[in-house]
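**Q** One structure coming up, written as structure tokens, with questions to follow.
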Amino acid sequence: ALPIEEWPLLWEEADSSALHLANEAAETVAALKEMKKLLSPYEQRVFDLYAEGNSIAQIARELGKTEKSVSNAVFRLFQKLREQFKIS
């Protein structure tokens, strides 16, 4: 067991770790906002629904589009993101 005198060290480590995670989350949100600027309004809506875990079929129903239209939008948005972030 850890002596009670050393407990504050655990809190400091936890605070540092939590701060690091919060900074990473803020950076990720900022990157996502910038990334979405590259997308058309339709692609942005498809991206949001896809990111929420919806399938192509569910997104098509939600937006009143064909599955082919949604599939094409997903392809385009991922292509734009790969180009922007140099992902192969």
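Every chain in the structure tokens has a letter given in the order shown (A, B, ...), and although residue numbers restart at 1 in each chain, ligands are simply numbered from 1 in the order shown.
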Give me, as a ChimeraX atom specification, all polymer residues having an atom no more than 10 Å from Tyr50 in chain A, counting only C-alpha atoms and skipping those fewer than 5 positions away in the same chain.

**A** /A:44-45,55-56,58-59,70,74

**Q** Give the answer as one residue: which of A:Pro41, A:Lys86, A:Phe47, A:Glu52 has the shortest atom-to-atom distance to Ser71 in chain A, using only C-alpha atoms?

**A**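 The answer is A:Phe47, which sits nearest to Ser71 in chain A.
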
**Q** Fewer than 4 positions away in the same chain doesn't count, so skip those; otherwise give me all residues within 10 Å of Gln84 in chain A, counting only C-alpha atoms, as a VMD selection string.

**A** chain A and resid 35 38 78 to 80

**Q** Pull C-alpha atoms from the residues just selected and write them as a PDB file, in the first residue's frame.

**A**
```pdb
ATOM      1  CA  MET A  35     -11.258  19.625 -41.662  1.00  0.00           C
ATOM      2  CA  LEU A  38     -13.102  21.403 -46.720  1.00  0.00           C
ATOM      3  CA  PHE A  78     -12.559  10.624 -47.096  1.00  0.00           C
ATOM      4  CA  GLN A  79     -10.636  11.444 -50.262  1.00  0.00           C
ATOM      5  CA  LYS A  80     -10.541  15.132 -49.266  1.00  0.00           C
TER       6      LYS A  80
END
```

**Q** Quick one, how far is CA of Leu63 in chain A from CA of Leu49 in chain A?

**A**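 Between CA of Leu63 in chain A and CA of Leu49 in chain A the gap is 9.7 Å.
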
**Q** So that I can check the surroundings of Ser69 in chain A, please list as an MDAnalysis selection string every protein, DNA and RNA residue that reaches within 12 Å of it, counting only C-alpha atoms and ignoring chain neighbours fewer than 4 positions away.

**A** chainID A and resid 42:43 46 56:57 59:61 63:65 73:76
